[in-house]
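Peer 1: Here you go, this is query_8.cif (mmCIF, C-alpha atoms).
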data_start
#
loop_
_atom_site.group_PDB
_atom_site.id
_atom_site.type_symbol
_atom_site.label_atom_id
_atom_site.label_comp_id
_atom_site.auth_asym_id
_atom_site.auth_seq_id
_atom_site.Cartn_x
_atom_site.Cartn_y
_atom_site.Cartn_z
ATOM 1 C CA ASP E 1032 0.000 0.000 0.000
ATOM 2 C CA ALA E 1033 1.979 3.004 -1.293
ATOM 3 C CA ARG E 1034 1.928 6.035 0.959
ATOM 4 C CA VAL E 1035 3.536 9.418 1.318
ATOM 5 C CA THR E 1036 5.755 9.474 4.382
ATOM 6 C CA GLN E 1037 6.824 12.497 6.370
ATOM 7 C CA THR E 1038 9.389 12.948 9.110
ATOM 8 C CA PRO E 1039 9.392 14.004 11.823
ATOM 9 C CA ARG E 1040 5.752 13.625 12.806
ATOM 10 C CA HIS E 1041 6.169 16.116 15.623
ATOM 11 C CA LYS E 1042 8.762 18.807 16.200
ATOM 12 C CA VAL E 1043 9.076 21.234 19.083
ATOM 13 C CA THR E 1044 11.774 23.833 18.756
ATOM 14 C CA GLU E 1045 12.740 27.221 20.030
ATOM 15 C CA MET E 1046 12.422 30.434 18.110
ATOM 16 C CA GLY E 1047 15.431 31.064 15.914
ATOM 17 C CA GLN E 1048 16.292 27.421 15.385
ATOM 18 C CA GLU E 1049 16.443 25.768 11.990
ATOM 19 C CA VAL E 1050 13.743 23.226 11.188
ATOM 20 C CA THR E 1051 13.909 20.685 8.377
ATOM 21 C CA MET E 1052 10.911 18.592 7.400
ATOM 22 C CA ARG E 1053 11.224 15.671 5.023
ATOM 23 C CA CYS E 1054 8.841 13.961 2.659
ATOM 24 C CA GLN E 1055 9.088 10.781 0.646
ATOM 25 C CA PRO E 1056 6.543 10.862 -2.183
ATOM 26 C CA ILE E 1057 4.875 7.767 -3.548
ATOM 27 C CA LEU E 1058 7.239 5.955 -5.912
ATOM 28 C CA GLY E 1059 6.524 6.995 -9.477
ATOM 29 C CA HIS E 1060 4.766 10.226 -8.580
ATOM 30 C CA ASN E 1061 6.417 13.231 -10.155
ATOM 31 C CA THR E 1062 4.526 16.072 -8.513
ATOM 32 C CA VAL E 1063 5.102 17.066 -4.901
ATOM 33 C CA PHE E 1064 3.257 19.700 -2.907
ATOM 34 C CA TRP E 1065 3.908 21.286 0.471
ATOM 35 C CA TYR E 1066 0.866 22.602 2.362
ATOM 36 C CA ARG E 1067 0.453 24.272 5.694
ATOM 37 C CA GLN E 1068 -2.646 23.905 7.849
ATOM 38 C CA THR E 1069 -3.423 26.847 10.076
ATOM 39 C CA MET E 1070 -6.533 27.851 11.943
ATOM 40 C CA MET E 1071 -6.877 31.076 9.990
ATOM 41 C CA GLN E 1072 -5.878 30.020 6.493
ATOM 42 C CA GLY E 1073 -7.062 26.445 6.402
ATOM 43 C CA LEU E 1074 -4.950 24.449 3.938
ATOM 44 C CA GLU E 1075 -2.574 26.735 2.070
ATOM 45 C CA LEU E 1076 -0.122 25.748 -0.654
ATOM 46 C CA LEU E 1077 3.476 26.666 0.071
ATOM 47 C CA ALA E 1078 5.390 25.077 -2.810
ATOM 48 C CA TYR E 1079 4.936 22.741 -5.739
ATOM 49 C CA PHE E 1080 7.417 20.618 -7.670
ATOM 50 C CA ARG E 1081 7.093 18.741 -10.932
ATOM 51 C CA ASN E 1082 9.872 16.359 -11.923
ATOM 52 C CA ARG E 1083 11.898 17.829 -9.028
ATOM 53 C CA ALA E 1084 11.761 21.336 -10.498
ATOM 54 C CA PRO E 1085 10.063 24.027 -8.408
ATOM 55 C CA LEU E 1086 7.054 25.360 -10.329
ATOM 56 C CA ASP E 1087 5.352 27.519 -7.763
ATOM 57 C CA ASP E 1088 6.542 28.706 -4.381
ATOM 58 C CA SER E 1089 4.539 31.912 -4.311
ATOM 59 C CA GLY E 1090 2.807 30.856 -1.111
ATOM 60 C CA MET E 1091 6.037 30.526 0.803
ATOM 61 C CA PRO E 1092 7.691 33.285 2.864
ATOM 62 C CA LYS E 1093 10.916 33.593 0.899
ATOM 63 C CA ASP E 1094 13.031 35.104 3.590
ATOM 64 C CA ARG E 1095 12.936 32.115 5.899
ATOM 65 C CA PHE E 1096 11.431 29.169 4.027
ATOM 66 C CA SER E 1097 13.069 27.048 1.369
ATOM 67 C CA ALA E 1098 11.907 23.910 -0.413
ATOM 68 C CA GLU E 1099 14.020 21.491 -2.407
ATOM 69 C CA MET E 1100 13.936 18.064 -4.014
ATOM 70 C CA PRO E 1101 17.453 16.667 -3.902
ATOM 71 C CA ASP E 1102 16.221 13.538 -5.643
ATOM 72 C CA ALA E 1103 12.974 11.941 -6.763
ATOM 73 C CA THR E 1104 12.485 10.195 -3.421
ATOM 74 C CA LEU E 1105 13.020 13.145 -1.109
ATOM 75 C CA ALA E 1106 11.498 16.581 -0.726
ATOM 76 C CA THR E 1107 12.537 18.943 2.051
ATOM 77 C CA LEU E 1108 11.017 22.048 3.566
ATOM 78 C CA LYS E 1109 13.320 24.142 5.679
ATOM 79 C CA ILE E 1110 12.596 27.066 7.965
ATOM 80 C CA GLN E 1111 15.507 29.197 9.117
ATOM 81 C CA PRO E 1112 15.131 30.944 11.470
ATOM 82 C CA SER E 1113 11.853 29.606 12.828
ATOM 83 C CA GLU E 1114 9.304 31.849 14.514
ATOM 84 C CA PRO E 1115 6.311 31.093 16.762
ATOM 85 C CA ARG E 1116 3.927 32.046 13.932
ATOM 86 C CA ASP E 1117 5.333 29.114 11.925
ATOM 87 C CA SER E 1118 3.645 26.703 14.328
ATOM 88 C CA ALA E 1119 1.287 24.621 12.220
ATOM 89 C CA VAL E 1120 0.861 21.205 10.645
ATOM 90 C CA TYR E 1121 2.835 20.863 7.425
ATOM 91 C CA PHE E 1122 1.562 18.352 4.886
ATOM 92 C CA CYS E 1123 3.342 16.929 1.908
ATOM 93 C CA ALA E 1124 1.321 15.477 -0.958
ATOM 94 C CA SER E 1125 2.330 13.746 -4.163
ATOM 95 C CA GLY E 1126 0.566 13.055 -7.416
ATOM 96 C CA PRO E 1127 1.100 11.095 -10.619
ATOM 97 C CA GLY E 1128 1.628 14.276 -12.613
ATOM 98 C CA ILE E 1129 -1.524 14.177 -14.672
ATOM 99 C CA ALA E 1130 -3.025 17.639 -14.642
ATOM 100 C CA GLY E 1131 -5.683 17.958 -12.004
ATOM 101 C CA ASP E 1132 -5.325 14.404 -10.747
ATOM 102 C CA THR E 1133 -5.719 13.247 -7.158
ATOM 103 C CA GLN E 1134 -3.127 14.251 -4.605
ATOM 104 C CA TYR E 1135 -2.098 11.808 -1.908
ATOM 105 C CA PHE E 1136 -1.299 13.365 1.413
ATOM 106 C CA GLY E 1137 1.265 12.353 3.978
ATOM 107 C CA PRO E 1138 0.478 12.237 7.700
ATOM 108 C CA GLY E 1139 1.869 15.715 8.320
ATOM 109 C CA THR E 1140 4.513 17.213 10.584
ATOM 110 C CA ARG E 1141 3.167 19.090 13.577
ATOM 111 C CA LEU E 1142 5.583 21.940 14.275
ATOM 112 C CA THR E 1143 5.567 23.945 17.473
ATOM 113 C CA VAL E 1144 7.932 26.893 17.751
ATOM 114 C CA LEU E 1145 8.243 28.214 21.285
ATOM 115 C CA ILE B 1361 -7.042 35.274 -6.066
ATOM 116 C CA LEU B 1362 -9.206 32.263 -6.700
ATOM 117 C CA ASN B 1363 -12.228 32.043 -4.411
ATOM 118 C CA VAL B 1364 -13.384 28.553 -3.618
ATOM 119 C CA GLU B 1365 -16.158 28.836 -1.072
ATOM 120 C CA GLN B 1366 -17.754 26.110 0.985
ATOM 121 C CA SER B 1367 -20.953 26.370 2.940
ATOM 122 C CA PRO B 1368 -21.897 25.865 5.598
ATOM 123 C CA GLN B 1369 -18.652 26.006 7.561
ATOM 124 C CA SER B 1370 -19.989 23.376 9.924
ATOM 125 C CA LEU B 1371 -23.080 21.314 10.483
ATOM 126 C CA HIS B 1372 -24.412 18.860 12.990
ATOM 127 C CA VAL B 1373 -26.336 15.870 11.710
ATOM 128 C CA GLN B 1374 -28.303 13.279 13.618
ATOM 129 C CA GLU B 1375 -27.226 9.700 12.961
ATOM 130 C CA GLY B 1376 -29.320 8.251 10.175
ATOM 131 C CA ASP B 1377 -30.212 11.597 8.642
ATOM 132 C CA SER B 1378 -29.011 12.647 5.216
ATOM 133 C CA THR B 1379 -27.259 15.912 4.558
ATOM 134 C CA ASN B 1380 -25.594 17.909 1.814
ATOM 135 C CA PHE B 1381 -23.361 20.923 1.473
ATOM 136 C CA THR B 1382 -21.956 23.151 -1.232
ATOM 137 C CA CYS B 1383 -18.721 24.097 -2.916
ATOM 138 C CA SER B 1384 -18.829 27.237 -5.095
ATOM 139 C CA PHE B 1385 -16.083 28.250 -7.496
ATOM 140 C CA PRO B 1386 -15.425 30.525 -10.474
ATOM 141 C CA SER B 1387 -16.739 28.712 -13.536
ATOM 142 C CA SER B 1388 -14.278 30.159 -16.029
ATOM 143 C CA ASN B 1389 -11.403 27.959 -17.247
ATOM 144 C CA PHE B 1390 -12.666 25.007 -15.256
ATOM 145 C CA TYR B 1391 -10.651 21.790 -15.438
ATOM 146 C CA ALA B 1392 -11.404 19.627 -12.398
ATOM 147 C CA LEU B 1393 -12.999 19.701 -8.969
ATOM 148 C CA HIS B 1394 -11.742 17.500 -6.152
ATOM 149 C CA TRP B 1395 -13.453 16.426 -2.949
ATOM 150 C CA TYR B 1396 -11.363 15.288 0.023
ATOM 151 C CA ARG B 1397 -12.372 13.883 3.388
ATOM 152 C CA TRP B 1398 -10.259 15.002 6.332
ATOM 153 C CA GLU B 1399 -10.651 13.361 9.707
ATOM 154 C CA THR B 1400 -9.289 15.048 12.793
ATOM 155 C CA ALA B 1401 -5.612 14.269 13.422
ATOM 156 C CA LYS B 1402 -5.313 12.538 10.064
ATOM 157 C CA SER B 1403 -4.464 13.684 6.548
ATOM 158 C CA PRO B 1404 -6.895 14.511 3.745
ATOM 159 C CA GLU B 1405 -8.056 11.528 1.697
ATOM 160 C CA ALA B 1406 -9.369 11.810 -1.840
ATOM 161 C CA LEU B 1407 -13.051 11.117 -2.424
ATOM 162 C CA PHE B 1408 -13.755 12.227 -5.973
ATOM 163 C CA VAL B 1409 -12.237 13.998 -8.946
ATOM 164 C CA MET B 1410 -14.918 15.466 -11.185
ATOM 165 C CA THR B 1411 -14.309 16.991 -14.581
ATOM 166 C CA LEU B 1412 -17.499 17.046 -16.649
ATOM 167 C CA ASN B 1413 -20.537 19.247 -16.243
ATOM 168 C CA GLY B 1414 -23.328 17.065 -14.892
ATOM 169 C CA ASP B 1415 -20.884 14.532 -13.422
ATOM 170 C CA GLU B 1416 -22.228 12.461 -10.578
ATOM 171 C CA LYS B 1417 -19.899 10.325 -8.507
ATOM 172 C CA LYS B 1418 -20.714 7.911 -5.711
ATOM 173 C CA LYS B 1419 -18.686 6.120 -3.051
ATOM 174 C CA GLY B 1420 -20.775 4.156 -0.613
ATOM 175 C CA ARG B 1421 -23.201 6.543 1.045
ATOM 176 C CA ILE B 1422 -21.381 9.634 -0.200
ATOM 177 C CA SER B 1423 -22.097 11.157 -3.588
ATOM 178 C CA ALA B 1424 -21.315 14.372 -5.405
ATOM 179 C CA THR B 1425 -22.667 16.352 -8.328
ATOM 180 C CA LEU B 1426 -21.018 18.996 -10.458
ATOM 181 C CA ASN B 1427 -22.315 22.034 -12.332
ATOM 182 C CA THR B 1428 -19.424 23.717 -14.122
ATOM 183 C CA LYS B 1429 -21.591 26.312 -15.893
ATOM 184 C CA GLU B 1430 -22.843 27.880 -12.708
ATOM 185 C CA GLY B 1431 -19.793 26.953 -10.642
ATOM 186 C CA TYR B 1432 -20.947 24.685 -7.863
ATOM 187 C CA SER B 1433 -20.735 21.146 -6.581
ATOM 188 C CA TYR B 1434 -22.836 19.398 -3.953
ATOM 189 C CA LEU B 1435 -21.667 16.627 -1.672
ATOM 190 C CA TYR B 1436 -24.355 14.371 -0.222
ATOM 191 C CA ILE B 1437 -24.135 11.984 2.690
ATOM 192 C CA LYS B 1438 -27.013 9.520 2.897
ATOM 193 C CA GLY B 1439 -27.923 8.001 6.238
ATOM 194 C CA SER B 1440 -25.081 9.694 8.133
ATOM 195 C CA GLN B 1441 -23.049 7.604 10.541
ATOM 196 C CA PRO B 1442 -20.686 8.780 13.312
ATOM 197 C CA GLU B 1443 -17.721 7.662 11.215
ATOM 198 C CA ASP B 1444 -18.740 10.251 8.595
ATOM 199 C CA SER B 1445 -17.703 12.977 11.018
ATOM 200 C CA ALA B 1446 -14.899 14.854 9.299
ATOM 201 C CA THR B 1447 -14.089 18.021 7.421
ATOM 202 C CA TYR B 1448 -14.946 17.790 3.747
ATOM 203 C CA LEU B 1449 -12.754 19.871 1.456
ATOM 204 C CA CYS B 1450 -13.318 20.778 -2.136
ATOM 205 C CA ALA B 1451 -10.485 21.974 -4.360
ATOM 206 C CA LEU B 1452 -10.462 23.538 -7.819
ATOM 207 C CA PHE B 1453 -7.988 22.879 -10.596
ATOM 208 C CA LYS B 1454 -8.209 25.394 -13.428
ATOM 209 C CA ALA B 1455 -7.323 24.812 -17.066
ATOM 210 C CA ALA B 1456 -3.718 25.831 -17.755
ATOM 211 C CA GLY B 1457 -3.194 25.943 -14.005
ATOM 212 C CA ASN B 1458 -0.784 23.871 -12.027
ATOM 213 C CA LYS B 1459 -2.199 23.595 -8.549
ATOM 214 C CA LEU B 1460 -5.301 22.936 -6.501
ATOM 215 C CA THR B 1461 -6.999 25.766 -4.666
ATOM 216 C CA PHE B 1462 -8.792 24.483 -1.587
ATOM 217 C CA GLY B 1463 -11.961 25.762 -0.022
ATOM 218 C CA GLY B 1464 -12.201 26.308 3.713
ATOM 219 C CA GLY B 1465 -14.045 23.042 4.271
ATOM 220 C CA THR B 1466 -17.342 21.976 5.771
ATOM 221 C CA ARG B 1467 -16.963 20.364 9.159
ATOM 222 C CA VAL B 1468 -19.556 17.629 9.668
ATOM 223 C CA LEU B 1469 -20.351 16.212 13.084
ATOM 224 C CA VAL B 1470 -22.692 13.229 13.185
ATOM 225 C CA LYS B 1471 -24.341 12.752 16.553
ATOM 226 C CA PRO B 1472 -25.297 9.227 17.656
#
Now that the file is in, can you turn its structure into structure tokens?
Peer 2:
Amino acid sequence: DARVTQTPRHKVTEMGQEVTMRCQPILGHNTVFWYRQTMMQGLELLAYFRNRAPLDDSGMPKDRFSAEMPDATLATLKIQPSEPRDSAVYFCASGPGIAGDTQYFGPGTRLTVL
Amino acid sequence: ILNVEQSPQSLHVQEGDSTNFTCSFPSSNFYALHWYRWETAKSPEALFVMTLNGDEKKKGRISATLNTKEGYSYLYIKGSQPEDSATYLCALFKAAGNKLTFGGGTRVLVKP
């Protein structure tokens, strides 16, 4: 049963620290999405990759957030330096690359920045 | 900014009753509408992907309809059960676009 995996599942850190979240998309999927769930914004798209190339990161605060796909099996989302307002659940999703097709979500990383 | 609206934001349903709720979206350049089911403390799970005007999809007691000309989709739950309690998200994919835009969700609570 193929699934998107995310690590860590939970992260508590102090303001100013670097945070790295990792995602392993479903094998064969060539689109990867990073979302953030907040109370105010609901589910908001941070970044989107197709074939490892970033296509859209307009939803991401550029000064502190960065997203990469070092290879087809790993996507990373990094926050440096972290701030309390970054506290949220971060979801990764992958898809087969067909326009508009279903996205498969990982279990999320719950980040708390103190 | 793409406005995908869902209403109501939340609803309480008595076990055994049927219910429905709405997703509204701009009808121009429509490509696909997704419905996801999102249980508390879990991740969203896909229910339907709908592309054609007049589409009707069904999965067990849950079904959905699509009107792309007027820009809305209904999700129906027949004979609600406590395990149907979740937030139901719709998301729009526009032609020539490259991402889903999610609505705010309808939170359904089924009371035994």
Peer 1: Between atom CA of B:Pro1442 and atom CA of B:Pro1368, what distance in Å does the model show, to one decimal?
Peer 2: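 Atom CA of B:Pro1368 lies 18.8 Å from atom CA of B:Pro1442.
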Peer 1: Identify all chain B residues at most 7 Å from chain E by counting only C-alpha atoms; ligands do not count. Present them as number ranges by chain.
Peer 2: B: 1392, 1402-1406, 1409, 1453, 1462, 1464
Peer 1: On this structure, which residues satisfy the PyMOL selection byres ((chain E and resi 1110) around 8), written as a list in words?
Peer 2: Glu1049, Val1050, Thr1051, Arg1095, Phe1096, Ser1097, Leu1108, Lys1109, Gln1111, Pro1112 and Ser1113 of chain E
Peer 1: Name the residues that the PyMOL selection byres ((chain B and resi 1411) around 10) pulls out of this structure, and write them as a PyMOL selection string.
Peer 2: (chain E and resi 1131) or (chain B and resi 1390-1394+1408-1410+1412-1416+1426-1428+1453)
Peer 1: Quick check, in Å to one decimal: how far apart do atom CA of B:Ile1422 and atom CA of B:Thr1382 lie?
Peer 2: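 Distance reported for this atom pair: 13.6 Å.
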Peer 1: Please evaluate the PyMOL selection byres ((chain E and resi 1040-1047) around 6) against the structure above and give the resulting residues as a short mmCIF file (atom, residue, chain, number, x, y, z; two decimals) with C-alpha atoms, keeping the file's coordinate frame.
Peer 2:
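And here's out10.cif as it stands now:
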data_model
loop_
_atom_site.label_atom_id
_atom_site.label_comp_id
_atom_site.auth_asym_id
_atom_site.auth_seq_id
_atom_site.Cartn_x
_atom_site.Cartn_y
_atom_site.Cartn_z
CA THR E 1038 9.39 12.95 9.11
CA PRO E 1039 9.39 14.00 11.82
CA GLN E 1048 16.29 27.42 15.38
CA PRO E 1112 15.13 30.94 11.47
CA SER E 1113 11.85 29.61 12.83
CA GLU E 1114 9.30 31.85 14.51
CA THR E 1140 4.51 17.21 10.58
CA ARG E 1141 3.17 19.09 13.58
CA LEU E 1142 5.58 21.94 14.28
CA THR E 1143 5.57 23.94 17.47
CA VAL E 1144 7.93 26.89 17.75
CA LEU E 1145 8.24 28.21 21.28
#
Peer 1: Can you tell me how far atom CA of E:Leu1077 sits from atom CA of E:Pro1092, in Å to one decimal?
Peer 2: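 Computing it gives 8.3 Å between the two atoms.
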Peer 1: Give the centre and edge lengths of an axis-aligned box, in Å to one decimal, that holds all listed atoms of stretch 1438-1448 of chain B with 4 Å on each side, as JSON.
Peer 2:
{"center_x": -21.0, "center_y": 12.8, "center_z": 8.1, "size_x": 21.8, "size_y": 18.4, "size_z": 18.4}
Peer 1: Ranking E:Pro1115, E:Thr1107, E:Ala1098, E:Thr1036 by minimum distance to E:Leu1058 and counting only C-alpha atoms, which one comes first?
Peer 2: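 Among E:Pro1115, E:Thr1107, E:Ala1098, E:Thr1036, it is E:Thr1036 that comes nearest to E:Leu1058.
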Peer 1: I'd like the neighbourhood of B:Lys1438 as a list in words, where a residue qualifies if any of its atoms comes within 9 Å (using all atoms listed in the file), though same-chain residues fewer than 2 positions away should be ignored.
Peer 2: Gly1376, Asp1377, Ser1378, Thr1379, Asn1380, Gly1420, Arg1421, Ile1422, Ser1423, Tyr1436, Ser1440 and Gln1441 of chain B
Peer 1: Save stretch 1362-1471 of chain B from what I just supplied, as a CSV table (one decimal), in the first residue's frame, atoms limited to C-alpha atoms.
Peer 2:
chain,number,residue,atom,x,y,z
B,1362,LEU,CA,-9.2,32.3,-6.7
B,1363,ASN,CA,-12.2,32.0,-4.4
B,1364,VAL,CA,-13.4,28.6,-3.6
B,1365,GLU,CA,-16.2,28.8,-1.1
B,1366,GLN,CA,-17.8,26.1,1.0
B,1367,SER,CA,-21.0,26.4,2.9
B,1368,PRO,CA,-21.9,25.9,5.6
B,1369,GLN,CA,-18.7,26.0,7.6
B,1370,SER,CA,-20.0,23.4,9.9
B,1371,LEU,CA,-23.1,21.3,10.5
B,1372,HIS,CA,-24.4,18.9,13.0
B,1373,VAL,CA,-26.3,15.9,11.7
B,1374,GLN,CA,-28.3,13.3,13.6
B,1375,GLU,CA,-27.2,9.7,13.0
B,1376,GLY,CA,-29.3,8.3,10.2
B,1377,ASP,CA,-30.2,11.6,8.6
B,1378,SER,CA,-29.0,12.6,5.2
B,1379,THR,CA,-27.3,15.9,4.6
B,1380,ASN,CA,-25.6,17.9,1.8
B,1381,PHE,CA,-23.4,20.9,1.5
B,1382,THR,CA,-22.0,23.2,-1.2
B,1383,CYS,CA,-18.7,24.1,-2.9
B,1384,SER,CA,-18.8,27.2,-5.1
B,1385,PHE,CA,-16.1,28.3,-7.5
B,1386,PRO,CA,-15.4,30.5,-10.5
B,1387,SER,CA,-16.7,28.7,-13.5
B,1388,SER,CA,-14.3,30.2,-16.0
B,1389,ASN,CA,-11.4,28.0,-17.2
B,1390,PHE,CA,-12.7,25.0,-15.3
B,1391,TYR,CA,-10.7,21.8,-15.4
B,1392,ALA,CA,-11.4,19.6,-12.4
B,1393,LEU,CA,-13.0,19.7,-9.0
B,1394,HIS,CA,-11.7,17.5,-6.2
B,1395,TRP,CA,-13.5,16.4,-2.9
B,1396,TYR,CA,-11.4,15.3,0.0
B,1397,ARG,CA,-12.4,13.9,3.4
B,1398,TRP,CA,-10.3,15.0,6.3
B,1399,GLU,CA,-10.7,13.4,9.7
B,1400,THR,CA,-9.3,15.0,12.8
B,1401,ALA,CA,-5.6,14.3,13.4
B,1402,LYS,CA,-5.3,12.5,10.1
B,1403,SER,CA,-4.5,13.7,6.5
B,1404,PRO,CA,-6.9,14.5,3.7
B,1405,GLU,CA,-8.1,11.5,1.7
B,1406,ALA,CA,-9.4,11.8,-1.8
B,1407,LEU,CA,-13.1,11.1,-2.4
B,1408,PHE,CA,-13.8,12.2,-6.0
B,1409,VAL,CA,-12.2,14.0,-8.9
B,1410,MET,CA,-14.9,15.5,-11.2
B,1411,THR,CA,-14.3,17.0,-14.6
B,1412,LEU,CA,-17.5,17.0,-16.6
B,1413,ASN,CA,-20.5,19.2,-16.2
B,1414,GLY,CA,-23.3,17.1,-14.9
B,1415,ASP,CA,-20.9,14.5,-13.4
B,1416,GLU,CA,-22.2,12.5,-10.6
B,1417,LYS,CA,-19.9,10.3,-8.5
B,1418,LYS,CA,-20.7,7.9,-5.7
B,1419,LYS,CA,-18.7,6.1,-3.1
B,1420,GLY,CA,-20.8,4.2,-0.6
B,1421,ARG,CA,-23.2,6.5,1.0
B,1422,ILE,CA,-21.4,9.6,-0.2
B,1423,SER,CA,-22.1,11.2,-3.6
B,1424,ALA,CA,-21.3,14.4,-5.4
B,1425,THR,CA,-22.7,16.4,-8.3
B,1426,LEU,CA,-21.0,19.0,-10.5
B,1427,ASN,CA,-22.3,22.0,-12.3
B,1428,THR,CA,-19.4,23.7,-14.1
B,1429,LYS,CA,-21.6,26.3,-15.9
B,1430,GLU,CA,-22.8,27.9,-12.7
B,1431,GLY,CA,-19.8,27.0,-10.6
B,1432,TYR,CA,-20.9,24.7,-7.9
B,1433,SER,CA,-20.7,21.1,-6.6
B,1434,TYR,CA,-22.8,19.4,-4.0
B,1435,LEU,CA,-21.7,16.6,-1.7
B,1436,TYR,CA,-24.4,14.4,-0.2
B,1437,ILE,CA,-24.1,12.0,2.7
B,1438,LYS,CA,-27.0,9.5,2.9
B,1439,GLY,CA,-27.9,8.0,6.2
B,1440,SER,CA,-25.1,9.7,8.1
B,1441,GLN,CA,-23.0,7.6,10.5
B,1442,PRO,CA,-20.7,8.8,13.3
B,1443,GLU,CA,-17.7,7.7,11.2
B,1444,ASP,CA,-18.7,10.3,8.6
B,1445,SER,CA,-17.7,13.0,11.0
B,1446,ALA,CA,-14.9,14.9,9.3
B,1447,THR,CA,-14.1,18.0,7.4
B,1448,TYR,CA,-14.9,17.8,3.7
B,1449,LEU,CA,-12.8,19.9,1.5
B,1450,CYS,CA,-13.3,20.8,-2.1
B,1451,ALA,CA,-10.5,22.0,-4.4
B,1452,LEU,CA,-10.5,23.5,-7.8
B,1453,PHE,CA,-8.0,22.9,-10.6
B,1454,LYS,CA,-8.2,25.4,-13.4
B,1455,ALA,CA,-7.3,24.8,-17.1
B,1456,ALA,CA,-3.7,25.8,-17.8
B,1457,GLY,CA,-3.2,25.9,-14.0
B,1458,ASN,CA,-0.8,23.9,-12.0
B,1459,LYS,CA,-2.2,23.6,-8.5
B,1460,LEU,CA,-5.3,22.9,-6.5
B,1461,THR,CA,-7.0,25.8,-4.7
B,1462,PHE,CA,-8.8,24.5,-1.6
B,1463,GLY,CA,-12.0,25.8,0.0
B,1464,GLY,CA,-12.2,26.3,3.7
B,1465,GLY,CA,-14.0,23.0,4.3
B,1466,THR,CA,-17.3,22.0,5.8
B,1467,ARG,CA,-17.0,20.4,9.2
B,1468,VAL,CA,-19.6,17.6,9.7
B,1469,LEU,CA,-20.4,16.2,13.1
B,1470,VAL,CA,-22.7,13.2,13.2
B,1471,LYS,CA,-24.3,12.8,16.6
